[in-house]
$ cat work.pdb   # PDB, C-alpha atoms, pLDDT in the B column
MODEL        1
ATOM      1  CA  MET A   1       0.000   0.000   0.000  1.00 81.00           C
ATOM      2  CA  ARG A   2       1.339   3.402  -1.009  1.00 88.00           C
ATOM      3  CA  ILE A   3       0.679   6.365   1.308  1.00 90.00           C
ATOM      4  CA  HIS A   4       0.895   9.903  -0.060  1.00 93.00           C
ATOM      5  CA  LEU A   5       0.719  12.791   2.442  1.00 93.00           C
ATOM      6  CA  VAL A   6       0.173  16.391   1.300  1.00 93.00           C
ATOM      7  CA  ALA A   7       0.270  19.411   3.634  1.00 93.00           C
ATOM      8  CA  ARG A   8      -1.027  22.750   2.359  1.00 92.00           C
ATOM      9  CA  LYS A   9      -0.229  25.904   4.340  1.00 91.00           C
ATOM     10  CA  THR A  10       0.811  23.793   7.314  1.00 90.00           C
ATOM     11  CA  LYS A  11       3.822  21.775   8.403  1.00 91.00           C
ATOM     12  CA  LEU A  12       3.771  17.979   8.401  1.00 91.00           C
ATOM     13  CA  THR A  13       5.339  17.024  11.752  1.00 92.00           C
ATOM     14  CA  PRO A  14       6.609  13.499  12.533  1.00 93.00           C
ATOM     15  CA  SER A  15       3.940  13.068  15.235  1.00 93.00           C
ATOM     16  CA  LEU A  16       1.224  14.057  12.736  1.00 93.00           C
ATOM     17  CA  LYS A  17       2.650  11.602  10.200  1.00 94.00           C
ATOM     18  CA  THR A  18       2.688   8.809  12.818  1.00 94.00           C
ATOM     19  CA  PHE A  19      -0.924   9.604  13.800  1.00 94.00           C
ATOM     20  CA  ILE A  20      -2.100   9.443  10.168  1.00 93.00           C
ATOM     21  CA  GLU A  21      -0.219   6.202   9.446  1.00 92.00           C
ATOM     22  CA  GLY A  22      -1.747   4.643  12.571  1.00 92.00           C
ATOM     23  CA  ARG A  23      -5.257   5.492  11.407  1.00 91.00           C
ATOM     24  CA  ILE A  24      -4.513   4.206   7.899  1.00 91.00           C
ATOM     25  CA  SER A  25      -3.310   0.899   9.333  1.00 90.00           C
ATOM     26  CA  LYS A  26      -6.783   0.519  10.887  1.00 88.00           C
ATOM     27  CA  LEU A  27      -8.264   0.805   7.386  1.00 86.00           C
ATOM     28  CA  ALA A  28      -5.945  -1.969   6.204  1.00 84.00           C
ATOM     29  CA  GLU A  29      -7.442  -4.256   8.873  1.00 85.00           C
ATOM     30  CA  PHE A  30     -10.865  -3.981   7.218  1.00 83.00           C
ATOM     31  CA  VAL A  31      -9.820  -4.421   3.584  1.00 84.00           C
ATOM     32  CA  ASP A  32      -6.636  -6.093   2.362  1.00 80.00           C
ATOM     33  CA  ASN A  33      -6.654  -4.854  -1.246  1.00 82.00           C
ATOM     34  CA  ILE A  34      -5.933  -1.153  -0.632  1.00 86.00           C
ATOM     35  CA  VAL A  35      -3.648   0.065  -3.425  1.00 88.00           C
ATOM     36  CA  TRP A  36      -2.920   3.617  -2.310  1.00 91.00           C
ATOM     37  CA  VAL A  37      -4.054   6.232   0.210  1.00 93.00           C
ATOM     38  CA  GLN A  38      -3.749   9.986  -0.155  1.00 95.00           C
ATOM     39  CA  VAL A  39      -4.206  12.347   2.795  1.00 95.00           C
ATOM     40  CA  ILE A  40      -4.436  16.077   2.095  1.00 95.00           C
ATOM     41  CA  LEU A  41      -4.176  18.451   5.055  1.00 95.00           C
ATOM     42  CA  GLY A  42      -4.761  22.159   4.909  1.00 94.00           C
ATOM     43  CA  VAL A  43      -5.396  25.275   7.000  1.00 94.00           C
ATOM     44  CA  GLU A  44      -7.413  28.289   5.886  1.00 91.00           C
ATOM     45  CA  LYS A  45      -8.499  31.065   8.273  1.00 89.00           C
ATOM     46  CA  MET A  46      -7.934  28.904  11.356  1.00 89.00           C
ATOM     47  CA  ILE A  47     -10.125  26.089   9.966  1.00 94.00           C
ATOM     48  CA  HIS A  48      -8.248  22.813   9.639  1.00 95.00           C
ATOM     49  CA  ARG A  49      -9.284  20.543   6.781  1.00 96.00           C
ATOM     50  CA  ALA A  50      -8.444  16.873   6.203  1.00 96.00           C
ATOM     51  CA  GLU A  51      -9.265  14.939   3.056  1.00 96.00           C
ATOM     52  CA  VAL A  52      -8.658  11.213   2.657  1.00 95.00           C
ATOM     53  CA  VAL A  53      -8.754   9.351  -0.678  1.00 95.00           C
ATOM     54  CA  VAL A  54      -8.481   5.549  -0.676  1.00 93.00           C
ATOM     55  CA  HIS A  55      -8.203   3.390  -3.777  1.00 91.00           C
ATOM     56  CA  ALA A  56      -9.062  -0.262  -3.087  1.00 86.00           C
ATOM     57  CA  GLY A  57      -9.505  -2.703  -5.939  1.00 78.00           C
ATOM     58  CA  HIS A  58     -11.616  -0.924  -8.543  1.00 78.00           C
ATOM     59  CA  GLN A  59     -13.187   1.499  -6.071  1.00 85.00           C
ATOM     60  CA  THR A  60     -12.024   4.988  -5.090  1.00 91.00           C
ATOM     61  CA  MET A  61     -13.469   6.369  -1.856  1.00 93.00           C
ATOM     62  CA  LYS A  62     -13.186   9.941  -0.593  1.00 96.00           C
ATOM     63  CA  ALA A  63     -13.910  11.524   2.786  1.00 96.00           C
ATOM     64  CA  ALA A  64     -13.349  15.075   4.026  1.00 96.00           C
ATOM     65  CA  ALA A  65     -13.802  16.869   7.346  1.00 96.00           C
ATOM     66  CA  GLU A  66     -13.162  20.272   8.892  1.00 96.00           C
ATOM     67  CA  SER A  67     -12.505  21.246  12.504  1.00 95.00           C
ATOM     68  CA  ASP A  68     -10.790  23.791  14.734  1.00 94.00           C
ATOM     69  CA  ASP A  69      -8.063  21.224  15.487  1.00 93.00           C
ATOM     70  CA  LEU A  70      -6.068  19.383  12.803  1.00 93.00           C
ATOM     71  CA  TYR A  71      -6.040  16.080  14.739  1.00 94.00           C
ATOM     72  CA  ALA A  72      -9.844  16.290  15.167  1.00 95.00           C
ATOM     73  CA  ALA A  73     -10.281  16.931  11.435  1.00 95.00           C
ATOM     74  CA  ILE A  74      -8.121  13.898  10.596  1.00 94.00           C
ATOM     75  CA  ASP A  75     -10.042  11.812  13.120  1.00 95.00           C
ATOM     76  CA  LYS A  76     -13.428  12.808  11.629  1.00 96.00           C
ATOM     77  CA  ALA A  77     -12.277  12.152   8.059  1.00 95.00           C
ATOM     78  CA  MET A  78     -10.824   8.753   8.998  1.00 94.00           C
ATOM     79  CA  THR A  79     -14.050   7.803  10.824  1.00 94.00           C
ATOM     80  CA  LYS A  80     -16.020   8.615   7.675  1.00 95.00           C
ATOM     81  CA  MET A  81     -13.538   6.630   5.605  1.00 94.00           C
ATOM     82  CA  GLU A  82     -13.789   3.625   7.937  1.00 92.00           C
ATOM     83  CA  ALA A  83     -17.563   3.597   7.376  1.00 92.00           C
ATOM     84  CA  GLN A  84     -17.061   3.652   3.607  1.00 91.00           C
ATOM     85  CA  VAL A  85     -14.429   0.902   3.724  1.00 89.00           C
ATOM     86  CA  LYS A  86     -16.694  -1.285   5.900  1.00 88.00           C
ATOM     87  CA  LYS A  87     -19.526  -0.768   3.409  1.00 88.00           C
ATOM     88  CA  TYR A  88     -17.162  -1.662   0.546  1.00 85.00           C
ATOM     89  CA  LYS A  89     -16.062  -4.822   2.366  1.00 83.00           C
ATOM     90  CA  GLU A  90     -19.673  -5.818   3.094  1.00 81.00           C
ATOM     91  CA  LYS A  91     -20.518  -5.404  -0.583  1.00 78.00           C
ATOM     92  CA  PHE A  92     -18.068  -8.141  -1.536  1.00 68.00           C
ATOM     93  CA  SER A  93     -18.478 -10.448   1.444  1.00 67.00           C
ATOM     94  CA  GLU A  94     -20.477 -13.633   1.196  1.00 62.00           C
ATOM     95  CA  HIS A  95     -23.964 -13.180   2.632  1.00 59.00           C
ATOM     96  CA  ARG A  96     -24.873 -16.837   2.777  1.00 57.00           C
ATOM     97  CA  GLY A  97     -24.642 -18.455   6.166  1.00 59.00           C
ATOM     98  CA  ILE A  98     -22.964 -21.667   5.039  1.00 57.00           C
ATOM     99  CA  SER A  99     -20.727 -22.600   2.141  1.00 59.00           C
ATOM    100  CA  ILE A 100     -21.682 -24.908  -0.726  1.00 57.00           C
ATOM    101  CA  SER A 101     -19.501 -27.735   0.584  1.00 61.00           C
ATOM    102  CA  GLU A 102     -21.233 -27.515   3.970  1.00 63.00           C
ATOM    103  CA  MET A 103     -24.575 -27.554   2.174  1.00 59.00           C
ATOM    104  CA  LYS A 104     -23.599 -30.797   0.389  1.00 60.00           C
ATOM    105  CA  ASP A 105     -22.611 -32.343   3.719  1.00 62.00           C
ATOM    106  CA  LEU A 106     -25.976 -31.388   5.211  1.00 58.00           C
ATOM    107  CA  SER A 107     -27.995 -32.618   2.244  1.00 57.00           C
ATOM    108  CA  ALA A 108     -26.171 -35.976   2.175  1.00 62.00           C
ATOM    109  CA  GLY A 109     -27.708 -36.999   5.492  1.00 63.00           C
ATOM    110  CA  LEU A 110     -31.277 -35.899   4.711  1.00 67.00           C
ATOM    111  CA  PRO A 111     -33.742 -38.340   3.133  1.00 75.00           C
ATOM    112  CA  ALA A 112     -35.225 -37.392  -0.262  1.00 73.00           C
ATOM    113  CA  VAL A 113     -38.746 -35.973  -0.074  1.00 78.00           C
ATOM    114  CA  PHE A 114     -41.136 -36.821  -2.897  1.00 78.00           C
ATOM    115  CA  SER A 115     -44.134 -34.540  -3.319  1.00 80.00           C
ATOM    116  CA  VAL A 116     -45.814 -36.578  -6.061  1.00 82.00           C
ATOM    117  CA  VAL A 117     -45.714 -40.293  -6.821  1.00 83.00           C
ATOM    118  CA  LYS A 118     -47.574 -41.471  -9.928  1.00 81.00           C
ATOM    119  CA  ASP A 119     -48.314 -44.956 -11.209  1.00 84.00           C
ATOM    120  CA  VAL A 120     -47.671 -44.970 -14.951  1.00 79.00           C
ATOM    121  CA  PRO A 121     -48.861 -47.857 -17.092  1.00 79.00           C
ATOM    122  CA  VAL A 122     -45.952 -48.958 -19.250  1.00 84.00           C
ATOM    123  CA  ARG A 123     -46.900 -50.410 -22.608  1.00 85.00           C
ATOM    124  CA  PRO A 124     -44.627 -51.314 -25.487  1.00 90.00           C
ATOM    125  CA  MET A 125     -44.288 -48.539 -28.099  1.00 91.00           C
ATOM    126  CA  ASN A 126     -41.697 -47.078 -30.436  1.00 91.00           C
ATOM    127  CA  LYS A 127     -39.911 -43.710 -30.053  1.00 90.00           C
ATOM    128  CA  GLU A 128     -42.378 -41.774 -32.205  1.00 92.00           C
ATOM    129  CA  GLU A 129     -45.388 -43.051 -30.262  1.00 91.00           C
ATOM    130  CA  ALA A 130     -43.641 -42.122 -26.989  1.00 91.00           C
ATOM    131  CA  VAL A 131     -43.077 -38.551 -28.266  1.00 92.00           C
ATOM    132  CA  GLN A 132     -46.755 -38.297 -29.267  1.00 91.00           C
ATOM    133  CA  GLU A 133     -47.868 -39.562 -25.837  1.00 88.00           C
ATOM    134  CA  MET A 134     -45.506 -37.133 -24.070  1.00 86.00           C
ATOM    135  CA  GLU A 135     -46.764 -34.163 -26.141  1.00 87.00           C
ATOM    136  CA  LYS A 136     -50.414 -35.210 -25.655  1.00 86.00           C
ATOM    137  CA  LEU A 137     -49.985 -35.208 -21.856  1.00 83.00           C
ATOM    138  CA  GLY A 138     -47.867 -32.020 -21.846  1.00 82.00           C
ATOM    139  CA  TYR A 139     -44.831 -33.568 -20.164  1.00 85.00           C
ATOM    140  CA  ASN A 140     -41.146 -32.842 -20.788  1.00 88.00           C
ATOM    141  CA  PHE A 141     -40.173 -36.526 -20.606  1.00 89.00           C
ATOM    142  CA  TRP A 142     -41.809 -39.929 -20.924  1.00 90.00           C
ATOM    143  CA  LEU A 143     -40.791 -43.409 -19.757  1.00 90.00           C
ATOM    144  CA  PHE A 144     -41.709 -46.202 -22.130  1.00 91.00           C
ATOM    145  CA  MET A 145     -40.816 -49.782 -23.077  1.00 91.00           C
ATOM    146  CA  GLU A 146     -39.341 -50.042 -26.569  1.00 90.00           C
ATOM    147  CA  LYS A 147     -41.290 -52.549 -28.716  1.00 88.00           C
ATOM    148  CA  ASP A 148     -38.388 -54.255 -30.441  1.00 86.00           C
ATOM    149  CA  ALA A 149     -35.673 -54.160 -27.746  1.00 82.00           C
ATOM    150  CA  LYS A 150     -38.052 -54.837 -24.821  1.00 84.00           C
ATOM    151  CA  GLN A 151     -36.134 -52.416 -22.602  1.00 89.00           C
ATOM    152  CA  MET A 152     -37.115 -49.283 -20.692  1.00 90.00           C
ATOM    153  CA  GLN A 153     -36.193 -45.958 -22.325  1.00 91.00           C
ATOM    154  CA  VAL A 154     -36.875 -42.286 -21.646  1.00 92.00           C
ATOM    155  CA  VAL A 155     -37.657 -39.728 -24.315  1.00 93.00           C
ATOM    156  CA  PHE A 156     -37.336 -36.040 -23.367  1.00 92.00           C
ATOM    157  CA  LYS A 157     -37.833 -32.633 -24.916  1.00 90.00           C
ATOM    158  CA  ARG A 158     -34.731 -30.429 -25.118  1.00 88.00           C
ATOM    159  CA  LEU A 159     -34.596 -26.649 -24.781  1.00 84.00           C
ATOM    160  CA  ASP A 160     -34.031 -26.251 -28.532  1.00 87.00           C
ATOM    161  CA  ASN A 161     -37.347 -28.117 -29.196  1.00 84.00           C
ATOM    162  CA  THR A 162     -35.618 -31.284 -30.363  1.00 90.00           C
ATOM    163  CA  TYR A 163     -35.962 -34.623 -28.594  1.00 92.00           C
ATOM    164  CA  GLY A 164     -33.499 -36.755 -26.682  1.00 93.00           C
ATOM    165  CA  LEU A 165     -33.489 -40.421 -25.809  1.00 92.00           C
ATOM    166  CA  LEU A 166     -32.011 -42.065 -22.695  1.00 92.00           C
ATOM    167  CA  LEU A 167     -30.937 -45.661 -23.185  1.00 89.00           C
ATOM    168  CA  PRO A 168     -29.969 -47.883 -20.249  1.00 87.00           C
ATOM    169  CA  VAL A 169     -26.440 -49.304 -20.314  1.00 86.00           C
ATOM    170  CA  LYS A 170     -25.042 -51.939 -17.943  1.00 83.00           C
ATOM    171  CA  LYS A 171     -21.676 -51.142 -16.365  1.00 81.00           C
TER     172      LYS A 171
ENDMDL
END

$ encode --input "work.pdb" --output "structure tokens"
Amino acid sequence: MRIHLVARKTKLTPSLKTFIEGRISKLAEFVDNIVWVQVILGVEKMIHRAEVVVHAGHQTMKAAAESDDLYAAIDKAMTKMEAQVKKYKEKFSEHRGISISEMKDLSAGLPAVFSVVKDVPVRPMNKEEAVQEMEKLGYNFWLFMEKDAKQMQVVFKRLDNTYGLLLPVKK
């Protein structure tokens, strides 16, 4: 992280520099991808102004504050910046309570729940008859016994309005 300090119409003392770097290190605790920080300090007519610009990832955040005391102005600006950085971090954090791998572990132990169980009469037919039956009933797939092979097959409608056929294979 690169830190750039600018002092306008005021002197940048070592204690002021240490104070600013300490507050910036707090920002680094919230977000680890801070590229650079610029702090601009200035005094005009006894009003102290502090402006903080932080560039993290693809986001540039800016906060400014004024006060009678330079340390108070820096403190106010850094407090505003901390709120922005926390909001930025929250934007990219995962809002789900558990991860996908934990979800798989949980679902492995649960029994399958069937909402509908239908008895389907299976009669021998060819592929074309199975497609007609499926279309007539308004289904996306149909289980049937192939006339010639005497084996169970599934015909299904694909998204591109063509049909697919599932054939059983022994392993």

$ residues_around --input "work.pdb" --residues "Ala73 of chain A" --least-positions-apart "5" --cutoff "7 Å" --atoms "all atoms listed in the file" --output "PyMOL selection string"
chain A and resi 48-50+65-67

$ residues_around --input "work.pdb" --residues "Tyr88 of chain A" --least-positions-apart "3" --cutoff "10 Å" --atoms "all atoms listed in the file" --output "tab-separated table (two decimals) with C-alpha atoms, in the coordinates of the input"
chain	number	residue	atom	x	y	z
A	30	PHE	CA	-10.86	-3.98	7.22
A	31	VAL	CA	-9.82	-4.42	3.58
A	56	ALA	CA	-9.06	-0.26	-3.09
A	59	GLN	CA	-13.19	1.50	-6.07
A	61	MET	CA	-13.47	6.37	-1.86
A	82	GLU	CA	-13.79	3.62	7.94
A	83	ALA	CA	-17.56	3.60	7.38
A	84	GLN	CA	-17.06	3.65	3.61
A	85	VAL	CA	-14.43	0.90	3.72
A	91	LYS	CA	-20.52	-5.40	-0.58
A	92	PHE	CA	-18.07	-8.14	-1.54
A	93	SER	CA	-18.48	-10.45	1.44

$ resolve_selection --input "work.pdb" --expression "the PyMOL selection byres ((chain A and resi 152-168) around 8)" --output "number ranges by chain"
A: 127, 130-131, 140-146, 150-151, 169-170

$ closest_residue --input "work.pdb" --among "A:Met1, A:Val35, A:Met46, A:Ala72" --to "Leu16 of chain A" --atoms "all atoms listed in the file"
A:Ala72

$ closest_residue --input "work.pdb" --among "A:Lys147, A:Arg123, A:Lys87, A:Arg2" --to "Ile24 of chain A" --atoms "all atoms listed in the file"
A:Arg2

$ atom_distance --input "work.pdb" --atom1 "atom CA of Ala64 of chain A" --atom2 "atom CA of Val52 of chain A"
6.2 Å

$ atom_distance --input "work.pdb" --atom1 "atom CA of Tyr139 of chain A" --atom2 "atom CA of Pro121 of chain A"
15.2 Å

$ closest_residue --input "work.pdb" --among "A:Lys45, A:Lys26, A:Lys136, A:His58" --to "Lys86 of chain A" --atoms "only C-alpha atoms"
A:Lys26

$ atom_distance --input "work.pdb" --atom1 "atom CA of Glu44 of chain A" --atom2 "atom CA of Leu70 of chain A"
11.4 Å

$ residues_around --input "work.pdb" --residues "segment 37-40 of chain A" --least-positions-apart "3" --cutoff "6 Å" --atoms "all atoms listed in the file" --output "number ranges by chain"
A: 3-7, 50-54
